[in-house]
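File shown: start.csv. Contents: CSV, C-alpha atoms.
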```
chain,number,residue,atom,x,y,z
A,1,MET,CA,8.8,0.7,-41.0
A,2,GLY,CA,10.9,2.7,-38.6
A,3,THR,CA,9.5,2.5,-35.1
A,4,LEU,CA,7.0,-0.2,-34.1
A,5,ILE,CA,4.6,0.1,-31.2
A,6,LEU,CA,2.8,-2.8,-29.5
A,7,PRO,CA,-0.7,-2.1,-31.0
A,8,GLN,CA,0.8,-2.2,-34.4
A,9,ALA,CA,2.6,-5.5,-33.8
A,10,LEU,CA,-0.6,-7.0,-32.4
A,11,ALA,CA,-2.6,-5.9,-35.5
A,12,ILE,CA,0.0,-7.2,-37.9
A,13,ALA,CA,0.1,-10.6,-36.2
A,14,LEU,CA,-3.8,-10.9,-36.2
A,15,LEU,CA,-3.8,-10.2,-40.0
A,16,LYS,CA,-0.8,-12.2,-41.0
A,17,ASN,CA,-0.1,-15.0,-38.6
A,18,PRO,CA,-0.3,-18.3,-40.6
A,19,GLU,CA,-1.5,-20.4,-37.6
A,20,LEU,CA,-4.4,-18.0,-37.0
A,21,SER,CA,-5.3,-18.1,-40.7
A,22,ALA,CA,-5.4,-21.9,-40.5
A,23,TYR,CA,-7.9,-21.7,-37.7
A,24,SER,CA,-10.0,-19.2,-39.6
A,25,SER,CA,-10.1,-21.7,-42.5
A,26,GLU,CA,-11.3,-24.4,-40.2
A,27,ILE,CA,-14.2,-22.3,-39.1
A,28,ARG,CA,-15.3,-21.8,-42.7
A,29,ALA,CA,-14.9,-25.6,-43.3
A,30,GLN,CA,-17.2,-26.3,-40.3
A,31,GLU,CA,-19.7,-23.8,-41.7
A,32,ALA,CA,-19.8,-25.9,-44.9
A,33,ALA,CA,-20.1,-29.1,-42.9
A,34,SER,CA,-23.0,-27.6,-41.0
A,35,LEU,CA,-24.7,-26.8,-44.3
A,36,GLN,CA,-24.1,-30.3,-45.5
A,37,ALA,CA,-25.6,-31.9,-42.4
A,38,SER,CA,-28.9,-30.0,-42.8
A,39,LEU,CA,-29.5,-31.3,-46.3
A,40,VAL,CA,-32.2,-33.9,-47.1
A,41,PRO,CA,-31.1,-37.1,-48.9
A,42,ASN,CA,-31.5,-37.1,-52.7
A,43,PRO,CA,-34.2,-39.1,-54.3
A,44,VAL,CA,-33.1,-42.1,-56.4
A,45,PHE,CA,-34.3,-42.7,-59.9
A,46,GLY,CA,-34.3,-46.3,-61.3
A,47,ALA,CA,-35.1,-48.0,-64.6
A,48,ASN,CA,-35.1,-51.6,-65.7
A,49,ALA,CA,-36.4,-53.7,-68.6
A,50,ALA,CA,-37.6,-57.3,-68.2
A,51,ASN,CA,-38.4,-60.3,-70.4
A,52,PHE,CA,-36.0,-59.5,-73.2
A,53,GLY,CA,-34.5,-62.5,-74.9
A,54,ASN,CA,-37.1,-65.0,-73.5
A,55,SER,CA,-39.7,-65.8,-76.1
A,56,VAL,CA,-41.8,-67.9,-73.7
A,57,ILE,CA,-42.2,-65.1,-71.1
A,58,ARG,CA,-42.5,-62.6,-73.9
A,59,GLY,CA,-45.5,-64.3,-75.2
A,60,PHE,CA,-47.1,-64.5,-71.8
A,61,ASP,CA,-47.0,-60.9,-70.7
A,62,GLY,CA,-44.7,-59.2,-73.2
A,63,ASP,CA,-41.6,-57.1,-72.7
A,64,ALA,CA,-41.8,-54.7,-69.7
A,65,VAL,CA,-40.0,-51.4,-68.9
A,66,THR,CA,-40.2,-50.1,-65.3
A,67,LEU,CA,-39.4,-46.6,-64.1
A,68,GLN,CA,-39.4,-45.9,-60.4
A,69,LEU,CA,-38.4,-43.1,-57.9
A,70,SER,CA,-37.2,-43.9,-54.4
A,71,GLN,CA,-36.9,-41.5,-51.5
A,72,LEU,CA,-35.1,-42.2,-48.2
A,73,ILE,CA,-37.2,-40.9,-45.3
A,74,GLU,CA,-35.0,-40.3,-42.2
A,75,LEU,CA,-36.8,-41.2,-39.0
A,76,GLY,CA,-35.9,-40.6,-35.4
A,77,GLY,CA,-34.9,-37.0,-35.9
A,78,LYS,CA,-31.6,-37.9,-37.6
A,79,ARG,CA,-31.3,-34.7,-39.7
A,80,ALA,CA,-32.1,-32.4,-36.7
A,81,ALA,CA,-29.6,-34.2,-34.5
A,82,ARG,CA,-27.0,-34.2,-37.2
A,83,THR,CA,-27.5,-30.5,-37.8
A,84,THR,CA,-27.3,-29.6,-34.1
A,85,ALA,CA,-24.0,-31.6,-33.7
A,86,ALA,CA,-22.5,-29.9,-36.8
A,87,ASP,CA,-23.5,-26.4,-35.5
A,88,LEU,CA,-21.9,-27.2,-32.1
A,89,THR,CA,-18.7,-28.4,-33.9
A,90,LYS,CA,-18.7,-25.1,-35.7
A,91,GLN,CA,-18.9,-23.3,-32.4
A,92,LEU,CA,-16.0,-25.4,-31.1
A,93,ALA,CA,-13.9,-24.3,-34.1
A,94,ALA,CA,-14.7,-20.7,-33.2
A,95,TRP,CA,-13.6,-21.3,-29.6
A,96,ASP,CA,-10.4,-22.9,-30.8
A,97,TYR,CA,-9.8,-19.7,-33.0
A,98,GLU,CA,-10.3,-17.5,-29.9
A,99,ALA,CA,-7.9,-19.6,-27.9
A,100,LYS,CA,-5.2,-19.5,-30.6
A,101,ARG,CA,-5.9,-15.7,-31.0
A,102,ALA,CA,-5.2,-15.2,-27.3
A,103,ASP,CA,-2.0,-17.3,-27.6
A,104,ILE,CA,-0.8,-15.2,-30.5
A,105,LEU,CA,-1.5,-11.9,-28.8
A,106,THR,CA,0.4,-13.2,-25.7
A,107,LEU,CA,3.3,-14.4,-27.8
A,108,VAL,CA,3.5,-11.1,-29.7
A,109,THR,CA,3.3,-9.1,-26.4
A,110,GLN,CA,6.1,-11.1,-24.8
A,111,GLY,CA,8.2,-11.0,-28.0
A,112,PHE,CA,7.7,-7.2,-28.1
A,113,ILE,CA,8.9,-7.0,-24.5
A,114,ASP,CA,12.0,-9.0,-25.4
A,115,VAL,CA,12.9,-6.6,-28.1
A,116,LEU,CA,12.2,-3.6,-25.9
A,117,ILE,CA,14.3,-4.9,-23.0
A,118,SER,CA,17.1,-5.9,-25.4
A,119,GLN,CA,17.2,-2.3,-26.8
A,120,GLN,CA,17.5,-0.9,-23.2
A,121,ARG,CA,20.2,-3.4,-22.4
A,122,LEU,CA,22.1,-2.4,-25.5
A,123,ALA,CA,21.8,1.3,-24.5
A,124,LEU,CA,23.1,0.3,-21.0
A,125,THR,CA,26.0,-1.7,-22.4
A,126,GLN,CA,26.9,1.2,-24.7
A,127,GLN,CA,27.0,3.4,-21.6
A,128,MET,CA,29.1,0.9,-19.8
A,129,GLN,CA,31.5,0.7,-22.8
A,130,ALA,CA,31.8,4.5,-22.9
A,131,LEU,CA,32.6,4.6,-19.2
A,132,ALA,CA,35.1,1.8,-19.6
A,133,GLN,CA,36.7,3.7,-22.4
A,134,GLN,CA,36.9,6.9,-20.3
A,135,THR,CA,38.3,4.9,-17.4
A,136,TYR,CA,40.9,3.3,-19.6
A,137,ASP,CA,41.9,6.7,-21.1
A,138,SER,CA,42.1,8.3,-17.7
A,139,THR,CA,44.1,5.4,-16.2
A,140,ALA,CA,46.5,5.3,-19.2
A,141,ALA,CA,47.2,9.1,-18.7
A,142,ARG,CA,47.8,8.6,-15.0
A,143,VAL,CA,50.2,5.7,-15.8
A,144,GLN,CA,52.2,7.9,-18.2
A,145,ALA,CA,52.3,10.7,-15.6
A,146,GLY,CA,53.7,8.1,-13.1
A,147,LYS,CA,50.8,8.5,-10.7
A,148,VAL,CA,49.6,4.9,-10.7
A,149,SER,CA,51.1,1.5,-11.5
A,150,PRO,CA,50.9,0.1,-15.1
A,151,VAL,CA,49.0,-2.8,-13.6
A,152,GLU,CA,46.0,-0.6,-13.3
A,153,GLU,CA,46.2,0.2,-17.0
A,154,SER,CA,46.1,-3.5,-17.8
A,155,LYS,CA,43.1,-3.9,-15.5
A,156,ALA,CA,41.3,-1.0,-17.2
A,157,LYS,CA,42.1,-2.6,-20.6
A,158,ILE,CA,40.5,-5.9,-19.5
A,159,ALA,CA,37.4,-4.0,-18.2
A,160,LEU,CA,37.1,-2.2,-21.6
A,161,SER,CA,37.5,-5.5,-23.5
A,162,SER,CA,34.8,-7.1,-21.3
A,163,ALA,CA,32.5,-4.2,-21.9
A,164,GLN,CA,33.0,-4.4,-25.7
A,165,ILE,CA,32.3,-8.2,-25.6
A,166,GLU,CA,29.1,-7.6,-23.6
A,167,PHE,CA,28.0,-4.9,-26.2
A,168,GLN,CA,28.5,-7.3,-29.1
A,169,ARG,CA,26.6,-10.1,-27.3
A,170,THR,CA,23.7,-7.8,-26.4
A,171,LEU,CA,23.6,-6.6,-30.0
A,172,ARG,CA,23.2,-10.2,-31.3
A,173,GLU,CA,20.5,-10.8,-28.7
A,174,LEU,CA,18.6,-7.8,-29.9
A,175,GLU,CA,18.7,-9.0,-33.5
A,176,ALA,CA,17.5,-12.5,-32.5
A,177,ALA,CA,14.7,-10.9,-30.4
A,178,LYS,CA,13.6,-8.8,-33.4
A,179,LYS,CA,13.5,-11.9,-35.7
A,180,ARG,CA,11.4,-13.8,-33.1
A,181,LEU,CA,8.9,-11.0,-33.0
A,182,ALA,CA,8.7,-10.8,-36.8
A,183,ALA,CA,8.1,-14.6,-36.9
A,184,THR,CA,4.9,-14.1,-34.9
A,185,TRP,CA,3.3,-12.7,-38.0
A,186,GLY,CA,5.0,-15.1,-40.4
A,187,SER,CA,8.0,-13.0,-41.5
A,188,ASN,CA,11.5,-14.3,-41.9
A,189,SER,CA,13.1,-10.9,-41.2
A,190,PRO,CA,12.1,-7.8,-39.2
A,191,HIS,CA,11.0,-4.9,-41.3
A,192,PHE,CA,11.3,-2.4,-38.4
A,193,GLU,CA,14.3,-0.7,-36.9
A,194,GLN,CA,13.2,-0.5,-33.3
A,195,VAL,CA,10.2,-0.7,-31.0
A,196,SER,CA,8.9,1.9,-28.7
A,197,GLY,CA,7.2,1.3,-25.3
A,198,ASN,CA,7.3,2.0,-21.6
A,199,LEU,CA,8.2,-0.7,-19.2
A,200,GLU,CA,8.3,1.6,-16.2
A,201,THR,CA,4.5,1.7,-15.8
A,202,LEU,CA,3.6,-0.9,-13.2
A,203,GLU,CA,0.4,-1.4,-11.3
A,204,PRO,CA,0.1,-3.5,-8.1
A,205,PRO,CA,-1.5,-6.8,-8.9
A,206,PRO,CA,-5.0,-7.4,-7.5
A,207,SER,CA,-5.7,-10.4,-5.2
A,208,LEU,CA,-5.4,-13.9,-6.5
A,209,ASP,CA,-9.0,-14.7,-5.5
A,210,SER,CA,-10.4,-11.9,-7.6
A,211,LEU,CA,-8.4,-13.2,-10.6
A,212,LEU,CA,-9.6,-16.8,-10.0
A,213,GLN,CA,-13.2,-15.6,-10.2
A,214,ARG,CA,-12.5,-14.3,-13.8
A,215,LEU,CA,-11.3,-17.6,-15.2
A,216,SER,CA,-14.6,-18.2,-16.9
A,217,ASP,CA,-13.5,-15.7,-19.5
A,218,ASN,CA,-10.6,-17.9,-20.5
A,219,PRO,CA,-11.5,-19.4,-23.9
A,220,ASP,CA,-9.7,-22.7,-23.0
A,221,LEU,CA,-12.3,-23.1,-20.2
A,222,ALA,CA,-15.3,-21.4,-21.8
A,223,ARG,CA,-15.1,-23.9,-24.7
A,224,TRP,CA,-15.8,-26.8,-22.5
A,225,ALA,CA,-19.5,-25.9,-22.1
A,226,THR,CA,-19.8,-26.2,-25.8
A,227,GLU,CA,-17.6,-29.3,-25.9
A,228,ILE,CA,-19.9,-31.1,-23.4
A,229,THR,CA,-23.0,-30.1,-25.3
A,230,GLN,CA,-21.5,-31.2,-28.6
A,231,ARG,CA,-20.5,-34.6,-27.2
A,232,GLN,CA,-24.1,-35.0,-26.0
A,233,ALA,CA,-25.4,-34.0,-29.4
A,234,LEU,CA,-23.2,-36.8,-30.9
A,235,VAL,CA,-24.8,-39.2,-28.5
A,236,ASP,CA,-28.2,-38.1,-29.8
A,237,VAL,CA,-27.0,-38.6,-33.3
A,238,GLU,CA,-26.0,-42.2,-32.7
A,239,LYS,CA,-29.2,-42.9,-30.8
A,240,SER,CA,-31.2,-41.6,-33.7
A,241,LYS,CA,-29.3,-44.0,-36.0
A,242,ALA,CA,-30.7,-46.9,-34.0
A,243,ILE,CA,-34.1,-46.1,-35.5
A,244,PRO,CA,-34.2,-47.5,-39.1
A,245,ASP,CA,-35.1,-45.3,-42.0
A,246,LEU,CA,-38.0,-45.8,-44.4
A,247,THR,CA,-37.4,-46.0,-48.2
A,248,ALA,CA,-40.6,-45.2,-50.1
A,249,THR,CA,-40.8,-46.2,-53.8
A,250,VAL,CA,-43.3,-45.1,-56.5
A,251,GLY,CA,-43.1,-46.0,-60.2
A,252,ALA,CA,-44.8,-47.5,-63.3
A,253,SER,CA,-44.3,-50.5,-65.6
A,254,LYS,CA,-45.1,-50.5,-69.3
A,255,TYR,CA,-45.8,-53.7,-71.0
A,256,LEU,CA,-44.9,-53.4,-74.7
A,257,MET,CA,-47.0,-56.3,-76.2
A,258,PRO,CA,-50.4,-55.5,-74.7
A,259,ASN,CA,-49.4,-51.8,-74.6
A,260,ASP,CA,-50.6,-51.4,-71.0
A,261,TYR,CA,-49.4,-49.8,-67.8
A,262,ALA,CA,-49.2,-50.8,-64.2
A,263,LEU,CA,-48.5,-48.5,-61.2
A,264,LEU,CA,-45.9,-49.6,-58.5
A,265,VAL,CA,-45.9,-48.4,-54.9
A,266,GLY,CA,-43.7,-49.9,-52.2
A,267,PHE,CA,-41.5,-49.3,-49.2
A,268,SER,CA,-38.6,-51.0,-47.4
A,269,LEU,CA,-37.6,-50.8,-43.8
A,270,PRO,CA,-34.6,-52.5,-42.2
A,271,ILE,CA,-35.3,-54.7,-39.2
A,272,PRO,CA,-33.0,-53.8,-36.3
A,273,VAL,CA,-32.4,-57.3,-35.0
A,274,PHE,CA,-28.6,-57.5,-34.7
A,275,ASP,CA,-27.3,-54.0,-35.4
A,276,ARG,CA,-29.0,-51.4,-33.2
A,277,ASN,CA,-25.9,-49.1,-33.3
A,278,GLN,CA,-25.3,-50.1,-29.7
A,279,GLY,CA,-21.5,-50.1,-30.2
A,280,ARG,CA,-21.4,-46.5,-31.5
A,281,ILE,CA,-23.8,-45.3,-28.9
A,282,GLU,CA,-21.6,-46.7,-26.1
A,283,GLU,CA,-18.5,-45.2,-27.8
A,284,VAL,CA,-19.8,-41.6,-27.9
A,285,GLN,CA,-21.2,-42.0,-24.4
A,286,GLN,CA,-17.7,-42.8,-23.2
A,287,ARG,CA,-16.3,-39.9,-25.1
A,288,LEU,CA,-18.8,-37.7,-23.3
A,289,ASN,CA,-17.6,-39.0,-20.0
A,290,LYS,CA,-14.0,-38.4,-21.1
A,291,ALA,CA,-14.9,-34.8,-21.9
A,292,GLU,CA,-16.3,-34.3,-18.4
A,293,ASP,CA,-13.0,-35.5,-17.0
A,294,GLU,CA,-11.0,-33.4,-19.4
A,295,ARG,CA,-12.9,-30.3,-18.4
A,296,ARG,CA,-12.1,-30.9,-14.7
A,297,SER,CA,-8.5,-31.4,-15.6
A,298,ALA,CA,-8.4,-28.2,-17.6
A,299,GLU,CA,-9.8,-26.3,-14.7
A,300,VAL,CA,-7.1,-27.5,-12.4
A,301,ARG,CA,-4.4,-26.9,-15.0
A,302,ILE,CA,-5.5,-23.4,-15.7
A,303,GLN,CA,-5.9,-22.5,-12.0
A,304,THR,CA,-2.4,-23.8,-11.3
A,305,ALA,CA,-1.0,-21.8,-14.3
A,306,LEU,CA,-2.8,-18.7,-13.0
A,307,ASN,CA,-1.4,-19.1,-9.5
A,308,THR,CA,2.1,-19.6,-10.9
A,309,ALA,CA,1.9,-16.5,-13.2
A,310,TYR,CA,0.4,-14.5,-10.3
A,311,GLN,CA,3.3,-15.4,-8.0
A,312,ARG,CA,5.8,-14.4,-10.8
A,313,LEU,CA,3.9,-11.1,-11.2
A,314,ALA,CA,3.8,-10.3,-7.5
A,315,ALA,CA,7.4,-11.2,-7.0
A,316,ALA,CA,8.6,-9.1,-10.0
A,317,TYR,CA,6.5,-6.1,-8.8
A,318,ALA,CA,8.1,-6.3,-5.4
A,319,GLU,CA,11.6,-6.7,-6.9
A,320,VAL,CA,11.1,-3.7,-9.2
A,321,ASN,CA,9.9,-1.5,-6.4
A,322,ALA,CA,12.8,-2.5,-4.1
A,323,LEU,CA,15.4,-1.9,-6.9
A,324,HIS,CA,13.9,1.4,-7.9
A,325,GLN,CA,13.4,2.8,-4.5
A,326,ASP,CA,16.4,1.6,-2.6
A,327,ILE,CA,19.0,-0.5,-4.4
A,328,LEU,CA,19.5,1.5,-7.6
A,329,PRO,CA,19.9,4.9,-5.8
A,330,ASN,CA,22.4,3.4,-3.4
A,331,ALA,CA,24.4,1.7,-6.2
A,332,GLN,CA,24.4,5.0,-8.1
A,333,THR,CA,25.6,6.9,-5.1
A,334,THR,CA,28.3,4.4,-4.3
A,335,TYR,CA,29.6,4.5,-7.9
A,336,ASN,CA,29.6,8.3,-7.9
A,337,ALA,CA,31.6,8.4,-4.7
A,338,ALA,CA,34.0,5.7,-5.8
A,339,SER,CA,34.6,7.4,-9.2
A,340,GLU,CA,35.2,10.8,-7.6
A,341,GLY,CA,37.4,9.2,-5.0
A,342,TYR,CA,39.5,7.4,-7.6
A,343,ARG,CA,39.9,10.6,-9.6
A,344,LEU,CA,41.2,12.3,-6.4
A,345,GLY,CA,43.4,9.4,-5.6
A,346,LYS,CA,41.4,8.4,-2.4
A,347,PHE,CA,40.3,5.0,-3.7
A,348,GLY,CA,42.1,2.3,-5.8
A,349,PHE,CA,41.1,1.2,-9.2
A,350,LEU,CA,39.5,-2.0,-8.0
A,351,ASP,CA,37.2,-0.1,-5.6
A,352,MET,CA,36.0,2.1,-8.5
A,353,LEU,CA,35.7,-0.9,-10.9
A,354,ASP,CA,33.7,-2.9,-8.3
A,355,ALA,CA,31.3,0.0,-7.8
A,356,GLN,CA,30.9,0.3,-11.5
A,357,ARG,CA,30.2,-3.3,-12.0
A,358,THR,CA,27.7,-3.3,-9.1
A,359,LEU,CA,25.9,-0.3,-10.6
A,360,PHE,CA,25.5,-1.9,-14.0
A,361,SER,CA,24.6,-5.3,-12.6
A,362,THR,CA,21.8,-3.6,-10.6
A,363,GLN,CA,20.6,-1.8,-13.7
A,364,HIS,CA,20.5,-5.0,-15.6
A,365,GLN,CA,18.6,-6.6,-12.7
A,366,HIS,CA,16.1,-3.8,-12.8
A,367,LEU,CA,15.5,-4.2,-16.5
A,368,GLN,CA,15.2,-8.0,-16.1
A,369,ALA,CA,12.6,-7.5,-13.2
A,370,GLU,CA,10.6,-5.1,-15.4
A,371,ALA,CA,10.6,-7.6,-18.2
A,372,GLU,CA,9.5,-10.4,-15.9
A,373,TYR,CA,6.7,-8.2,-14.6
A,374,HIS,CA,5.3,-7.5,-18.0
A,375,LYS,CA,5.7,-11.0,-19.3
A,376,ALA,CA,3.9,-12.4,-16.2
A,377,LEU,CA,1.3,-9.7,-16.7
A,378,ALA,CA,0.8,-11.0,-20.3
A,379,ASP,CA,0.4,-14.5,-19.0
A,380,VAL,CA,-2.2,-13.5,-16.4
A,381,GLU,CA,-4.1,-11.5,-19.0
A,382,ARG,CA,-4.1,-14.7,-21.3
A,383,LEU,CA,-5.4,-16.8,-18.4
A,384,ILE,CA,-8.2,-14.5,-17.3
A,385,GLY,CA,-9.1,-13.2,-20.7
A,386,GLY,CA,-8.5,-9.5,-20.0
A,387,SER,CA,-6.6,-7.0,-17.9
A,388,PRO,CA,-6.1,-7.7,-14.2
A,389,ASN,CA,-6.9,-4.1,-13.5
A,390,PRO,CA,-9.7,-3.2,-15.9
A,391,SER,CA,-10.4,0.5,-16.3
A,392,PRO,CA,-13.6,1.6,-14.5
A,393,LYS,CA,-16.6,2.0,-16.8
A,394,ALA,CA,-17.7,5.6,-17.5
A,395,PRO,CA,-21.0,6.4,-15.8
```

Can the structure in the file be given as structure tokens, please?
Amino acid sequence: MGTLILPQALAIALLKNPELSAYSSEIRAQEAASLQASLVPNPVFGANAANFGNSVIRGFDGDAVTLQLSQLIELGGKRAARTTAADLTKQLAAWDYEAKRADILTLVTQGFIDVLISQQRLALTQQMQALAQQTYDSTAARVQAGKVSPVEESKAKIALSSAQIEFQRTLRELEAAKKRLAATWGSNSPHFEQVSGNLETLEPPPSLDSLLQRLSDNPDLARWATEITQRQALVDVEKSKAIPDLTATVGASKYLMPNDYALLVGFSLPIPVFDRNQGRIEEVQQRLNKAEDERRSAEVRIQTALNTAYQRLAAAYAEVNALHQDILPNAQTTYNAASEGYRLGKFGFLDMLDAQRTLFSTQHQHLQAEAEYHKALADVERLIGGSPNPSPKAP
């Protein structure tokens, strides 16, 4: 693969991410558990022989062979309660899958941004290295012509070496970012050469209040409605277990000596004197109370996370605009003037070098602010379950 775009990276991660695959397997496991919970208990077949080896009893009523069939009859709505709880557990597994899916998409998006920004930094450091080389060549020529001091050639050499070191560092950062991105779909090495995207498209963030109203779409919050219902279903399951089950038995005995038959009908029912399942009922009730507290805690945590991500988004948006509209043009103008003035002998080398460093520092800051904006945007999208600025629906 040559050039990778973000939709391709997202699709590959959804297909190949091992963590997401594990959550998918859990959903299928819960489907099987739901099926098992709906099944009726199997009947029990029994057989026994009596009076063998006792001649006294044998003479009285003869040897006997008894066959019987027993069936456990669940009372108190156990099977229905058990099935409902299993179905809700399956729904929870689906919510967990959605939450992990959103996490993976956010991780891929931010990893893609890291690669894209590293590529742009590499291009910037290449440009900086080329300018440092030109400055060194020009300064060396002027030293040989006797126009400037050899000290300036040494300074230009140091600036060139620094630019070369920065280029190598940025190159290693790019390779590391590419490997981190590939790891999001379970690959040990990237099979793409570069990524393609546009970081310059920025939209003003909407109000924080409008985003807070959309938190219900967050799967980490939406799952709690199912979680509470599932915990209540578990309470119902344990309450149903307090009602004893009936075991019905039907069978026949054959007496070998008189060659006669007798029908058997019976039932058994536990008497709930000591164990009324009160301990388990109290346990699941407390876990239901715990779930209520955890839901409130999750709401506070996610609202706080959204506020933090929103502030990062708003700050990055303001920073990018300030850099793009004012600071970057001024830095470029200052560098152009200092470079031309140095060429004409009006400015010293340090003036030109300082202007050059200021320009590249500002360009790096601009790239960093763009990256911060898009990463914060990905975090906001993860928290509200969609785009902060959704496209208007067609009429």

Task: Expected answer as a list in words: all residues with atoms within 6 Å of (-35.9, -47.6, -62.7), all atoms listed in the file - done: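 The residues near that point, listed by chain and number, are Phe45, Gly46, Ala47, Asn48, Thr66, Leu67 and Gln68 of chain A.
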
TODO: Go through A:Thr249, A:Gln127, A:Gln325, A:Thr226 and flag the residue nearest A:Arg295, using only C-alpha atoms for the distances.
DONE: A:Thr226

- [ ] May I ask for the distance between atom CA of A:Gln230 and atom CA of A:Ala85, given in Å to one decimal place?
- [x]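 Between these atoms lies a distance of 5.7 Å.
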
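Shortest separation to A:Glu381 among A:Leu367, A:Ala309, A:Val273, A:Ile5 occurs at residue A:Ala309, atoms counted being only C-alpha atoms.
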
Open item on the list: Which residues are near A:Ser70? Cut-off 10 Å, all atoms listed in the file, ignore same chain within fewer than 3 positions. Put them as number ranges by chain.
Closed with: A: 42-46, 73, 247-251, 265-267

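If only C-alpha atoms are the atoms counted, then among A:Gln363, A:Ser196, A:Thr184, A:Thr125 the closest residue to A:Ala163 is A:Thr125.
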
TODO: Please identify all polymer residues within 10 Å of A:Lys16, counting all atoms listed in the file, omitting same-chain residues fewer than 6 positions from it, and present them as a ChimeraX atom specification.
DONE: /A:184-187

TODO: Extract, using all atoms listed in the file, all DNA, RNA and protein residues at most 9 Å from A:Leu215, discarding same-chain residues fewer than 4 positions from it, and format them as a list in words.
DONE: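 These residues fall inside the cut-off: Leu211, Pro219, Leu221, Ala222, Glu299, Ile302, Gln303, Leu306, Leu383, Ile384 and Gly385 of chain A.
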
- [ ] Have a look at atom CA of A:Val235 and atom CA of A:Glu98 and let me know their distance in Å, one decimal.
- [x] 26.1 Å

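Among the candidates A:Lys239, A:Lys155, A:Arg214, A:His374, the one nearest to A:Leu350 when counting only C-alpha atoms is A:Lys155.
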
Reconstructed stretch 94-110 of chain A, atom set N, CA and C atoms, as a PDB file, in the frame of the given file:
```
ATOM      1  N   ALA A  94     -14.825 -22.091 -33.508  1.00  0.00           N
ATOM      2  CA  ALA A  94     -14.700 -20.700 -33.200  1.00  0.00           C
ATOM      3  C   ALA A  94     -14.006 -20.480 -31.827  1.00  0.00           C
ATOM      4  N   TRP A  95     -14.282 -21.364 -30.853  1.00  0.00           N
ATOM      5  CA  TRP A  95     -13.600 -21.300 -29.600  1.00  0.00           C
ATOM      6  C   TRP A  95     -12.096 -21.576 -29.749  1.00  0.00           C
ATOM      7  N   ASP A  96     -11.774 -22.551 -30.583  1.00  0.00           N
ATOM      8  CA  ASP A  96     -10.400 -22.900 -30.800  1.00  0.00           C
ATOM      9  C   ASP A  96      -9.657 -21.660 -31.480  1.00  0.00           C
ATOM     10  N   TYR A  97     -10.380 -20.950 -32.355  1.00  0.00           N
ATOM     11  CA  TYR A  97      -9.800 -19.700 -33.000  1.00  0.00           C
ATOM     12  C   TYR A  97      -9.537 -18.695 -31.880  1.00  0.00           C
ATOM     13  N   GLU A  98     -10.490 -18.517 -30.956  1.00  0.00           N
ATOM     14  CA  GLU A  98     -10.300 -17.500 -29.900  1.00  0.00           C
ATOM     15  C   GLU A  98      -9.127 -17.881 -29.007  1.00  0.00           C
ATOM     16  N   ALA A  99      -8.980 -19.180 -28.700  1.00  0.00           N
ATOM     17  CA  ALA A  99      -7.900 -19.600 -27.900  1.00  0.00           C
ATOM     18  C   ALA A  99      -6.527 -19.361 -28.579  1.00  0.00           C
ATOM     19  N   LYS A 100      -6.466 -19.702 -29.861  1.00  0.00           N
ATOM     20  CA  LYS A 100      -5.200 -19.500 -30.600  1.00  0.00           C
ATOM     21  C   LYS A 100      -4.983 -17.962 -30.762  1.00  0.00           C
ATOM     22  N   ARG A 101      -6.013 -17.186 -30.947  1.00  0.00           N
ATOM     23  CA  ARG A 101      -5.900 -15.700 -31.000  1.00  0.00           C
ATOM     24  C   ARG A 101      -5.269 -15.177 -29.753  1.00  0.00           C
ATOM     25  N   ALA A 102      -5.758 -15.652 -28.601  1.00  0.00           N
ATOM     26  CA  ALA A 102      -5.200 -15.200 -27.300  1.00  0.00           C
ATOM     27  C   ALA A 102      -3.750 -15.635 -27.185  1.00  0.00           C
ATOM     28  N   ASP A 103      -3.433 -16.852 -27.651  1.00  0.00           N
ATOM     29  CA  ASP A 103      -2.000 -17.300 -27.600  1.00  0.00           C
ATOM     30  C   ASP A 103      -1.131 -16.426 -28.448  1.00  0.00           C
ATOM     31  N   ILE A 104      -1.602 -16.072 -29.641  1.00  0.00           N
ATOM     32  CA  ILE A 104      -0.800 -15.200 -30.500  1.00  0.00           C
ATOM     33  C   ILE A 104      -0.584 -13.849 -29.937  1.00  0.00           C
ATOM     34  N   LEU A 105      -1.638 -13.265 -29.371  1.00  0.00           N
ATOM     35  CA  LEU A 105      -1.500 -11.900 -28.800  1.00  0.00           C
ATOM     36  C   LEU A 105      -0.511 -11.967 -27.604  1.00  0.00           C
ATOM     37  N   THR A 106      -0.558 -13.032 -26.808  1.00  0.00           N
ATOM     38  CA  THR A 106       0.400 -13.200 -25.700  1.00  0.00           C
ATOM     39  C   THR A 106       1.815 -13.334 -26.230  1.00  0.00           C
ATOM     40  N   LEU A 107       1.963 -14.162 -27.257  1.00  0.00           N
ATOM     41  CA  LEU A 107       3.300 -14.400 -27.800  1.00  0.00           C
ATOM     42  C   LEU A 107       3.865 -13.106 -28.419  1.00  0.00           C
ATOM     43  N   VAL A 108       3.038 -12.324 -29.100  1.00  0.00           N
ATOM     44  CA  VAL A 108       3.500 -11.100 -29.700  1.00  0.00           C
ATOM     45  C   VAL A 108       3.893 -10.085 -28.555  1.00  0.00           C
ATOM     46  N   THR A 109       3.054 -10.002 -27.530  1.00  0.00           N
ATOM     47  CA  THR A 109       3.300  -9.100 -26.400  1.00  0.00           C
ATOM     48  C   THR A 109       4.673  -9.434 -25.750  1.00  0.00           C
ATOM     49  N   GLN A 110       4.883 -10.712 -25.485  1.00  0.00           N
ATOM     50  CA  GLN A 110       6.100 -11.100 -24.800  1.00  0.00           C
ATOM     51  C   GLN A 110       7.325 -10.950 -25.766  1.00  0.00           C
TER      52      GLN A 110
END
```
